[in-house]
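Listing of entry07.pdb; format and content: PDB, N, CA and C atoms.
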```pdb
ATOM      1  N   MET A   1       0.856  -1.178   0.000
ATOM      2  CA  MET A   1       0.000   0.000   0.000
ATOM      3  C   MET A   1       0.898   1.236   0.000
ATOM      4  N   GLY A   2       0.645   2.100  -0.918
ATOM      5  CA  GLY A   2       1.425   3.309  -1.014
ATOM      6  C   GLY A   2       0.754   4.470  -0.308
ATOM      7  N   LEU A   3       1.458   5.575  -0.284
ATOM      8  CA  LEU A   3       0.904   6.771   0.355
ATOM      9  C   LEU A   3      -0.359   7.260  -0.338
ATOM     10  N   LYS A   4      -0.394   7.117  -1.642
ATOM     11  CA  LYS A   4      -1.578   7.557  -2.386
ATOM     12  C   LYS A   4      -2.814   6.783  -1.924
ATOM     13  N   ASP A   5      -2.670   5.467  -1.751
ATOM     14  CA  ASP A   5      -3.786   4.647  -1.275
ATOM     15  C   ASP A   5      -4.191   5.036   0.142
ATOM     16  N   LEU A   6      -3.208   5.270   0.985
ATOM     17  CA  LEU A   6      -3.476   5.660   2.369
ATOM     18  C   LEU A   6      -4.272   6.955   2.427
ATOM     19  N   PHE A   7      -3.841   7.960   1.687
ATOM     20  CA  PHE A   7      -4.537   9.242   1.682
ATOM     21  C   PHE A   7      -5.919   9.131   1.039
ATOM     22  N   SER A   8      -6.041   8.281   0.052
ATOM     23  CA  SER A   8      -7.333   8.076  -0.592
ATOM     24  C   SER A   8      -8.331   7.467   0.386
ATOM     25  N   ARG A   9      -7.897   6.444   1.115
ATOM     26  CA  ARG A   9      -8.779   5.821   2.104
ATOM     27  C   ARG A   9      -9.104   6.780   3.228
ATOM     28  N   TRP A  10      -8.129   7.548   3.676
ATOM     29  CA  TRP A  10      -8.351   8.519   4.740
ATOM     30  C   TRP A  10      -9.367   9.570   4.294
ATOM     31  N   GLY A  11      -9.234  10.045   3.062
ATOM     32  CA  GLY A  11     -10.163  11.038   2.527
ATOM     33  C   GLY A  11     -11.583  10.502   2.444
ATOM     34  N   LYS A  12     -11.728   9.247   2.013
ATOM     35  CA  LYS A  12     -13.053   8.634   1.924
ATOM     36  C   LYS A  12     -13.675   8.493   3.311
ATOM     37  N   THR A  13     -12.869   8.146   4.294
ATOM     38  CA  THR A  13     -13.362   8.011   5.669
ATOM     39  C   THR A  13     -13.835   9.353   6.191
ATOM     40  N   GLU A  14     -13.061  10.395   5.932
ATOM     41  CA  GLU A  14     -13.450  11.731   6.386
ATOM     42  C   GLU A  14     -14.718  12.206   5.687
ATOM     43  N   ASP A  15     -14.847  11.899   4.407
ATOM     44  CA  ASP A  15     -16.066  12.258   3.682
ATOM     45  C   ASP A  15     -17.278  11.550   4.277
ATOM     46  N   ARG A  16     -17.117  10.271   4.604
ATOM     47  CA  ARG A  16     -18.215   9.502   5.193
ATOM     48  C   ARG A  16     -18.604  10.084   6.547
ATOM     49  N   ARG A  17     -17.616  10.442   7.368
ATOM     50  CA  ARG A  17     -17.894  11.043   8.677
ATOM     51  C   ARG A  17     -18.611  12.383   8.535
ATOM     52  N   ALA A  18     -18.188  13.175   7.581
ATOM     53  CA  ALA A  18     -18.822  14.480   7.367
ATOM     54  C   ALA A  18     -20.273  14.305   6.916
ATOM     55  N   THR A  19     -20.513  13.320   6.074
ATOM     56  CA  THR A  19     -21.873  13.054   5.618
ATOM     57  C   THR A  19     -22.747  12.582   6.774
ATOM     58  N   GLU A  20     -22.217  11.680   7.593
ATOM     59  CA  GLU A  20     -22.976  11.200   8.752
ATOM     60  C   GLU A  20     -23.273  12.343   9.718
ATOM     61  N   ARG A  21     -22.303  13.207   9.921
ATOM     62  CA  ARG A  21     -22.475  14.349  10.818
ATOM     63  C   ARG A  21     -23.554  15.297  10.284
ATOM     64  N   ALA A  22     -23.529  15.562   8.995
ATOM     65  CA  ALA A  22     -24.524  16.452   8.395
ATOM     66  C   ALA A  22     -25.924  15.857   8.502
ATOM     67  N   GLU A  23     -26.034  14.543   8.299
ATOM     68  CA  GLU A  23     -27.335  13.895   8.429
ATOM     69  C   GLU A  23     -27.847  13.971   9.865
ATOM     70  N   ALA A  24     -26.958  13.776  10.830
ATOM     71  CA  ALA A  24     -27.361  13.855  12.236
ATOM     72  C   ALA A  24     -27.794  15.278  12.592
ATOM     73  N   GLU A  25     -27.049  16.273  12.109
ATOM     74  CA  GLU A  25     -27.397  17.667  12.398
ATOM     75  C   GLU A  25     -28.719  18.074  11.754
ATOM     76  N   SER A  26     -29.034  17.491  10.607
ATOM     77  CA  SER A  26     -30.273  17.869   9.927
ATOM     78  C   SER A  26     -31.510  17.422  10.692
ATOM     79  N   SER A  27     -31.365  16.406  11.531
ATOM     80  CA  SER A  27     -32.518  15.932  12.303
ATOM     81  C   SER A  27     -32.577  16.549  13.703
ATOM     82  N   MET A  28     -31.625  17.413  14.039
ATOM     83  CA  MET A  28     -31.594  18.045  15.366
ATOM     84  C   MET A  28     -32.495  19.270  15.420
ATOM     85  N   THR A  29     -33.019  19.513  16.614
ATOM     86  CA  THR A  29     -33.758  20.747  16.846
ATOM     87  C   THR A  29     -32.740  21.858  17.100
ATOM     88  N   PRO A  30     -33.141  23.115  17.035
ATOM     89  CA  PRO A  30     -32.199  24.202  17.322
ATOM     90  C   PRO A  30     -31.574  24.095  18.722
ATOM     91  N   GLU A  31     -32.348  23.632  19.689
ATOM     92  CA  GLU A  31     -31.814  23.477  21.046
ATOM     93  C   GLU A  31     -30.748  22.383  21.089
ATOM     94  N   GLU A  32     -31.001  21.285  20.378
ATOM     95  CA  GLU A  32     -30.016  20.202  20.338
ATOM     96  C   GLU A  32     -28.746  20.652  19.634
ATOM     97  N   ARG A  33     -28.867  21.456  18.586
ATOM     98  CA  ARG A  33     -27.681  21.983  17.898
ATOM     99  C   ARG A  33     -26.859  22.871  18.822
ATOM    100  N   ALA A  34     -27.543  23.709  19.615
ATOM    101  CA  ALA A  34     -26.837  24.594  20.546
ATOM    102  C   ALA A  34     -26.080  23.777  21.585
ATOM    103  N   ILE A  35     -26.703  22.733  22.106
ATOM    104  CA  ILE A  35     -26.043  21.877  23.102
ATOM    105  C   ILE A  35     -24.868  21.155  22.464
ATOM    106  N   ASP A  36     -25.052  20.668  21.236
ATOM    107  CA  ASP A  36     -23.978  19.980  20.536
ATOM    108  C   ASP A  36     -22.794  20.913  20.308
ATOM    109  N   GLN A  37     -23.066  22.159  19.956
ATOM    110  CA  GLN A  37     -21.993  23.140  19.748
ATOM    111  C   GLN A  37     -21.247  23.407  21.056
ATOM    112  N   GLU A  38     -21.979  23.504  22.168
ATOM    113  CA  GLU A  38     -21.338  23.705  23.471
ATOM    114  C   GLU A  38     -20.452  22.517  23.810
ATOM    115  N   ASP A  39     -20.941  21.293  23.546
ATOM    116  CA  ASP A  39     -20.146  20.099  23.797
ATOM    117  C   ASP A  39     -18.875  20.098  22.955
ATOM    118  N   PHE A  40     -18.998  20.525  21.695
ATOM    119  CA  PHE A  40     -17.840  20.582  20.808
ATOM    120  C   PHE A  40     -16.800  21.558  21.354
ATOM    121  N   GLU A  41     -17.253  22.733  21.798
ATOM    122  CA  GLU A  41     -16.326  23.726  22.346
ATOM    123  C   GLU A  41     -15.652  23.194  23.615
ATOM    124  N   ALA A  42     -16.395  22.476  24.441
ATOM    125  CA  ALA A  42     -15.813  21.903  25.661
ATOM    126  C   ALA A  42     -14.766  20.857  25.312
ATOM    127  N   ARG A  43     -15.029  20.019  24.299
ATOM    128  CA  ARG A  43     -14.040  19.020  23.881
ATOM    129  C   ARG A  43     -12.776  19.695  23.355
ATOM    130  N   LYS A  44     -12.932  20.786  22.598
ATOM    131  CA  LYS A  44     -11.757  21.515  22.107
ATOM    132  C   LYS A  44     -10.940  22.046  23.273
ATOM    133  N   ASP A  45     -11.603  22.600  24.298
ATOM    134  CA  ASP A  45     -10.898  23.112  25.471
ATOM    135  C   ASP A  45     -10.167  21.988  26.204
ATOM    136  N   ASP A  46     -10.809  20.828  26.323
ATOM    137  CA  ASP A  46     -10.178  19.693  26.990
ATOM    138  C   ASP A  46      -8.932  19.236  26.251
ATOM    139  N   VAL A  47      -9.005  19.179  24.935
ATOM    140  CA  VAL A  47      -7.849  18.763  24.137
ATOM    141  C   VAL A  47      -6.725  19.786  24.270
ATOM    142  N   ALA A  48      -7.073  21.062  24.225
ATOM    143  CA  ALA A  48      -6.055  22.108  24.335
ATOM    144  C   ALA A  48      -5.395  22.073  25.708
ATOM    145  N   ALA A  49      -6.178  21.852  26.754
ATOM    146  CA  ALA A  49      -5.617  21.807  28.106
ATOM    147  C   ALA A  49      -4.718  20.592  28.273
ATOM    148  N   GLY A  50      -5.123  19.467  27.716
ATOM    149  CA  GLY A  50      -4.342  18.247  27.856
ATOM    150  C   GLY A  50      -3.068  18.223  27.036
ATOM    151  N   SER A  51      -2.915  19.151  26.113
ATOM    152  CA  SER A  51      -1.737  19.136  25.253
ATOM    153  C   SER A  51      -0.602  20.006  25.781
ATOM    154  N   SER A  52      -0.800  20.648  26.926
ATOM    155  CA  SER A  52       0.271  21.456  27.503
ATOM    156  C   SER A  52       0.645  20.919  28.875
ATOM    157  N   TRP A  53       1.855  21.210  29.325
ATOM    158  CA  TRP A  53       2.314  20.748  30.631
ATOM    159  C   TRP A  53       1.416  21.284  31.736
ATOM    160  N   ALA A  54       1.105  22.554  31.701
ATOM    161  CA  ALA A  54       0.272  23.157  32.744
ATOM    162  C   ALA A  54      -1.129  22.546  32.749
ATOM    163  N   GLY A  55      -1.660  22.259  31.592
ATOM    164  CA  GLY A  55      -2.988  21.651  31.508
ATOM    165  C   GLY A  55      -3.004  20.250  32.098
ATOM    166  N   ARG A  56      -1.966  19.464  31.804
ATOM    167  CA  ARG A  56      -1.896  18.113  32.358
ATOM    168  C   ARG A  56      -1.739  18.159  33.870
ATOM    169  N   GLU A  57      -0.949  19.102  34.372
ATOM    170  CA  GLU A  57      -0.782  19.235  35.816
ATOM    171  C   GLU A  57      -2.087  19.644  36.482
ATOM    172  N   ALA A  58      -2.837  20.533  35.859
ATOM    173  CA  ALA A  58      -4.121  20.963  36.412
ATOM    174  C   ALA A  58      -5.111  19.802  36.431
ATOM    175  N   GLU A  59      -5.108  18.979  35.386
ATOM    176  CA  GLU A  59      -5.994  17.819  35.370
ATOM    177  C   GLU A  59      -5.627  16.849  36.484
ATOM    178  N   GLY A  60      -4.340  16.644  36.702
ATOM    179  CA  GLY A  60      -3.900  15.770  37.790
ATOM    180  C   GLY A  60      -4.300  16.320  39.150
ATOM    181  N   ALA A  61      -4.172  17.622  39.330
ATOM    182  CA  ALA A  61      -4.560  18.244  40.599
ATOM    183  C   ALA A  61      -6.051  18.102  40.839
ATOM    184  N   GLU A  62      -6.830  18.200  39.779
ATOM    185  CA  GLU A  62      -8.276  18.060  39.908
ATOM    186  C   GLU A  62      -8.642  16.651  40.382
ATOM    187  N   ARG A  63      -7.890  15.652  39.927
ATOM    188  CA  ARG A  63      -8.160  14.274  40.331
ATOM    189  C   ARG A  63      -7.539  13.956  41.680
ATOM    190  N   GLY A  64      -6.811  14.889  42.279
ATOM    191  CA  GLY A  64      -6.186  14.654  43.578
ATOM    192  C   GLY A  64      -4.851  13.947  43.473
ATOM    193  N   GLU A  65      -4.186  14.075  42.361
ATOM    194  CA  GLU A  65      -2.906  13.406  42.136
ATOM    195  C   GLU A  65      -1.734  14.369  42.324
ATOM    196  N   LEU A  66      -1.787  15.185  43.351
ATOM    197  CA  LEU A  66      -0.700  16.138  43.594
ATOM    198  C   LEU A  66       0.522  15.433  44.159
ATOM    199  N   ASP A  67       1.691  15.856  43.699
ATOM    200  CA  ASP A  67       2.937  15.314  44.242
ATOM    201  C   ASP A  67       3.195  15.984  45.579
ATOM    202  N   SER A  68       3.506  15.162  46.571
ATOM    203  CA  SER A  68       3.773  15.718  47.901
ATOM    204  C   SER A  68       5.243  15.908  48.131
TER     205      SER A  68
END
```

Conversion result in structure tokens:
Amino acid sequence: MGLKDLFSRWGKTEDRRATERAEAESSMTPEERAIDQEDFEARKDDVAAGSSWAGREAEGAERGELDS
């Protein structure tokens, strides 16, 4: 399998996910869309916090994993 095949399969997978997402959003009420958008923003914040040293330390402190 070459890189061209890998990227082709990856692109098809992303297209399928985007189509599924659009279909799910089309059946949502405006309130459900607003909640979904809030959830998306929270997930982005979680990923951003977990990708830095300070964010990982804060997550550990929240779980009570402080170094003594």

**OP:** State, in Å with one decimal place, the distance from atom C of Arg33 of chain A to atom CA of Thr13 of chain A.
**Re:** 24.0 Å

Original post:
Between atom CA of Glu23 of chain A and atom CA of Ala42 of chain A, what is the distance, to one decimal in Å?
Top reply: 22.2 Å

**OP:** Using backbone DSSP assignments, extract all helix (DSSP H, G or I) residues from chain A; output them as number ranges by chain.
**Re:** A: 3-26, 30-50, 53-62

Subject >> atom CA of Ala49 of chain A to atom CA of Pro30 of chain A, straight-line distance in Å >> reply: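 So the two atoms, atom CA of Pro30 of chain A and atom CA of Ala49 of chain A, lie 28.8 Å apart.
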
Residue rebuild result segment 2-27 of chain A, N, CA, C and O atoms as a PDB file, keeping the file's coordinate frame:
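For reference, selection_39.pdb as written:
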```
ATOM      1  N   GLY A   2       0.645   2.100  -0.918  1.00  0.00           N
ATOM      2  CA  GLY A   2       1.425   3.309  -1.014  1.00  0.00           C
ATOM      3  C   GLY A   2       0.754   4.470  -0.308  1.00  0.00           C
ATOM      4  O   GLY A   2      -0.359   4.376   0.217  1.00  0.00           O
ATOM      5  N   LEU A   3       1.458   5.575  -0.284  1.00  0.00           N
ATOM      6  CA  LEU A   3       0.904   6.771   0.355  1.00  0.00           C
ATOM      7  C   LEU A   3      -0.359   7.260  -0.338  1.00  0.00           C
ATOM      8  O   LEU A   3      -1.289   7.724   0.320  1.00  0.00           O
ATOM      9  N   LYS A   4      -0.394   7.117  -1.642  1.00  0.00           N
ATOM     10  CA  LYS A   4      -1.578   7.557  -2.386  1.00  0.00           C
ATOM     11  C   LYS A   4      -2.814   6.783  -1.924  1.00  0.00           C
ATOM     12  O   LYS A   4      -3.875   7.371  -1.703  1.00  0.00           O
ATOM     13  N   ASP A   5      -2.670   5.467  -1.751  1.00  0.00           N
ATOM     14  CA  ASP A   5      -3.786   4.647  -1.275  1.00  0.00           C
ATOM     15  C   ASP A   5      -4.191   5.036   0.142  1.00  0.00           C
ATOM     16  O   ASP A   5      -5.370   5.097   0.467  1.00  0.00           O
ATOM     17  N   LEU A   6      -3.208   5.270   0.985  1.00  0.00           N
ATOM     18  CA  LEU A   6      -3.476   5.660   2.369  1.00  0.00           C
ATOM     19  C   LEU A   6      -4.272   6.955   2.427  1.00  0.00           C
ATOM     20  O   LEU A   6      -5.291   7.040   3.120  1.00  0.00           O
ATOM     21  N   PHE A   7      -3.841   7.960   1.687  1.00  0.00           N
ATOM     22  CA  PHE A   7      -4.537   9.242   1.682  1.00  0.00           C
ATOM     23  C   PHE A   7      -5.919   9.131   1.039  1.00  0.00           C
ATOM     24  O   PHE A   7      -6.859   9.794   1.454  1.00  0.00           O
ATOM     25  N   SER A   8      -6.041   8.281   0.052  1.00  0.00           N
ATOM     26  CA  SER A   8      -7.333   8.076  -0.592  1.00  0.00           C
ATOM     27  C   SER A   8      -8.331   7.467   0.386  1.00  0.00           C
ATOM     28  O   SER A   8      -9.468   7.930   0.499  1.00  0.00           O
ATOM     29  N   ARG A   9      -7.897   6.444   1.115  1.00  0.00           N
ATOM     30  CA  ARG A   9      -8.779   5.821   2.104  1.00  0.00           C
ATOM     31  C   ARG A   9      -9.104   6.780   3.228  1.00  0.00           C
ATOM     32  O   ARG A   9     -10.230   6.828   3.711  1.00  0.00           O
ATOM     33  N   TRP A  10      -8.129   7.548   3.676  1.00  0.00           N
ATOM     34  CA  TRP A  10      -8.351   8.519   4.740  1.00  0.00           C
ATOM     35  C   TRP A  10      -9.367   9.570   4.294  1.00  0.00           C
ATOM     36  O   TRP A  10     -10.263   9.936   5.038  1.00  0.00           O
ATOM     37  N   GLY A  11      -9.234  10.045   3.062  1.00  0.00           N
ATOM     38  CA  GLY A  11     -10.163  11.038   2.527  1.00  0.00           C
ATOM     39  C   GLY A  11     -11.583  10.502   2.444  1.00  0.00           C
ATOM     40  O   GLY A  11     -12.550  11.192   2.765  1.00  0.00           O
ATOM     41  N   LYS A  12     -11.728   9.247   2.013  1.00  0.00           N
ATOM     42  CA  LYS A  12     -13.053   8.634   1.924  1.00  0.00           C
ATOM     43  C   LYS A  12     -13.675   8.493   3.311  1.00  0.00           C
ATOM     44  O   LYS A  12     -14.871   8.711   3.491  1.00  0.00           O
ATOM     45  N   THR A  13     -12.869   8.146   4.294  1.00  0.00           N
ATOM     46  CA  THR A  13     -13.362   8.011   5.669  1.00  0.00           C
ATOM     47  C   THR A  13     -13.835   9.353   6.191  1.00  0.00           C
ATOM     48  O   THR A  13     -14.894   9.455   6.823  1.00  0.00           O
ATOM     49  N   GLU A  14     -13.061  10.395   5.932  1.00  0.00           N
ATOM     50  CA  GLU A  14     -13.450  11.731   6.386  1.00  0.00           C
ATOM     51  C   GLU A  14     -14.718  12.206   5.687  1.00  0.00           C
ATOM     52  O   GLU A  14     -15.580  12.825   6.322  1.00  0.00           O
ATOM     53  N   ASP A  15     -14.847  11.899   4.407  1.00  0.00           N
ATOM     54  CA  ASP A  15     -16.066  12.258   3.682  1.00  0.00           C
ATOM     55  C   ASP A  15     -17.278  11.550   4.277  1.00  0.00           C
ATOM     56  O   ASP A  15     -18.343  12.145   4.451  1.00  0.00           O
ATOM     57  N   ARG A  16     -17.117  10.271   4.604  1.00  0.00           N
ATOM     58  CA  ARG A  16     -18.215   9.502   5.193  1.00  0.00           C
ATOM     59  C   ARG A  16     -18.604  10.084   6.547  1.00  0.00           C
ATOM     60  O   ARG A  16     -19.780  10.243   6.852  1.00  0.00           O
ATOM     61  N   ARG A  17     -17.616  10.442   7.368  1.00  0.00           N
ATOM     62  CA  ARG A  17     -17.894  11.043   8.677  1.00  0.00           C
ATOM     63  C   ARG A  17     -18.611  12.383   8.535  1.00  0.00           C
ATOM     64  O   ARG A  17     -19.535  12.676   9.281  1.00  0.00           O
ATOM     65  N   ALA A  18     -18.188  13.175   7.581  1.00  0.00           N
ATOM     66  CA  ALA A  18     -18.822  14.480   7.367  1.00  0.00           C
ATOM     67  C   ALA A  18     -20.273  14.305   6.916  1.00  0.00           C
ATOM     68  O   ALA A  18     -21.157  15.040   7.373  1.00  0.00           O
ATOM     69  N   THR A  19     -20.513  13.320   6.074  1.00  0.00           N
ATOM     70  CA  THR A  19     -21.873  13.054   5.618  1.00  0.00           C
ATOM     71  C   THR A  19     -22.747  12.582   6.774  1.00  0.00           C
ATOM     72  O   THR A  19     -23.878  13.056   6.944  1.00  0.00           O
ATOM     73  N   GLU A  20     -22.217  11.680   7.593  1.00  0.00           N
ATOM     74  CA  GLU A  20     -22.976  11.200   8.752  1.00  0.00           C
ATOM     75  C   GLU A  20     -23.273  12.343   9.718  1.00  0.00           C
ATOM     76  O   GLU A  20     -24.365  12.435  10.272  1.00  0.00           O
ATOM     77  N   ARG A  21     -22.303  13.207   9.921  1.00  0.00           N
ATOM     78  CA  ARG A  21     -22.475  14.349  10.818  1.00  0.00           C
ATOM     79  C   ARG A  21     -23.554  15.297  10.284  1.00  0.00           C
ATOM     80  O   ARG A  21     -24.395  15.777  11.039  1.00  0.00           O
ATOM     81  N   ALA A  22     -23.529  15.562   8.995  1.00  0.00           N
ATOM     82  CA  ALA A  22     -24.524  16.452   8.395  1.00  0.00           C
ATOM     83  C   ALA A  22     -25.924  15.857   8.502  1.00  0.00           C
ATOM     84  O   ALA A  22     -26.890  16.571   8.787  1.00  0.00           O
ATOM     85  N   GLU A  23     -26.034  14.543   8.299  1.00  0.00           N
ATOM     86  CA  GLU A  23     -27.335  13.895   8.429  1.00  0.00           C
ATOM     87  C   GLU A  23     -27.847  13.971   9.865  1.00  0.00           C
ATOM     88  O   GLU A  23     -29.034  14.210  10.099  1.00  0.00           O
ATOM     89  N   ALA A  24     -26.958  13.776  10.830  1.00  0.00           N
ATOM     90  CA  ALA A  24     -27.361  13.855  12.236  1.00  0.00           C
ATOM     91  C   ALA A  24     -27.794  15.278  12.592  1.00  0.00           C
ATOM     92  O   ALA A  24     -28.790  15.476  13.292  1.00  0.00           O
ATOM     93  N   GLU A  25     -27.049  16.273  12.109  1.00  0.00           N
ATOM     94  CA  GLU A  25     -27.397  17.667  12.398  1.00  0.00           C
ATOM     95  C   GLU A  25     -28.719  18.074  11.754  1.00  0.00           C
ATOM     96  O   GLU A  25     -29.446  18.890  12.305  1.00  0.00           O
ATOM     97  N   SER A  26     -29.034  17.491  10.607  1.00  0.00           N
ATOM     98  CA  SER A  26     -30.273  17.869   9.927  1.00  0.00           C
ATOM     99  C   SER A  26     -31.510  17.422  10.692  1.00  0.00           C
ATOM    100  O   SER A  26     -32.586  18.002  10.529  1.00  0.00           O
ATOM    101  N   SER A  27     -31.365  16.406  11.531  1.00  0.00           N
ATOM    102  CA  SER A  27     -32.518  15.932  12.303  1.00  0.00           C
ATOM    103  C   SER A  27     -32.577  16.549  13.703  1.00  0.00           C
ATOM    104  O   SER A  27     -33.479  16.236  14.471  1.00  0.00           O
TER     105      SER A  27
END
```
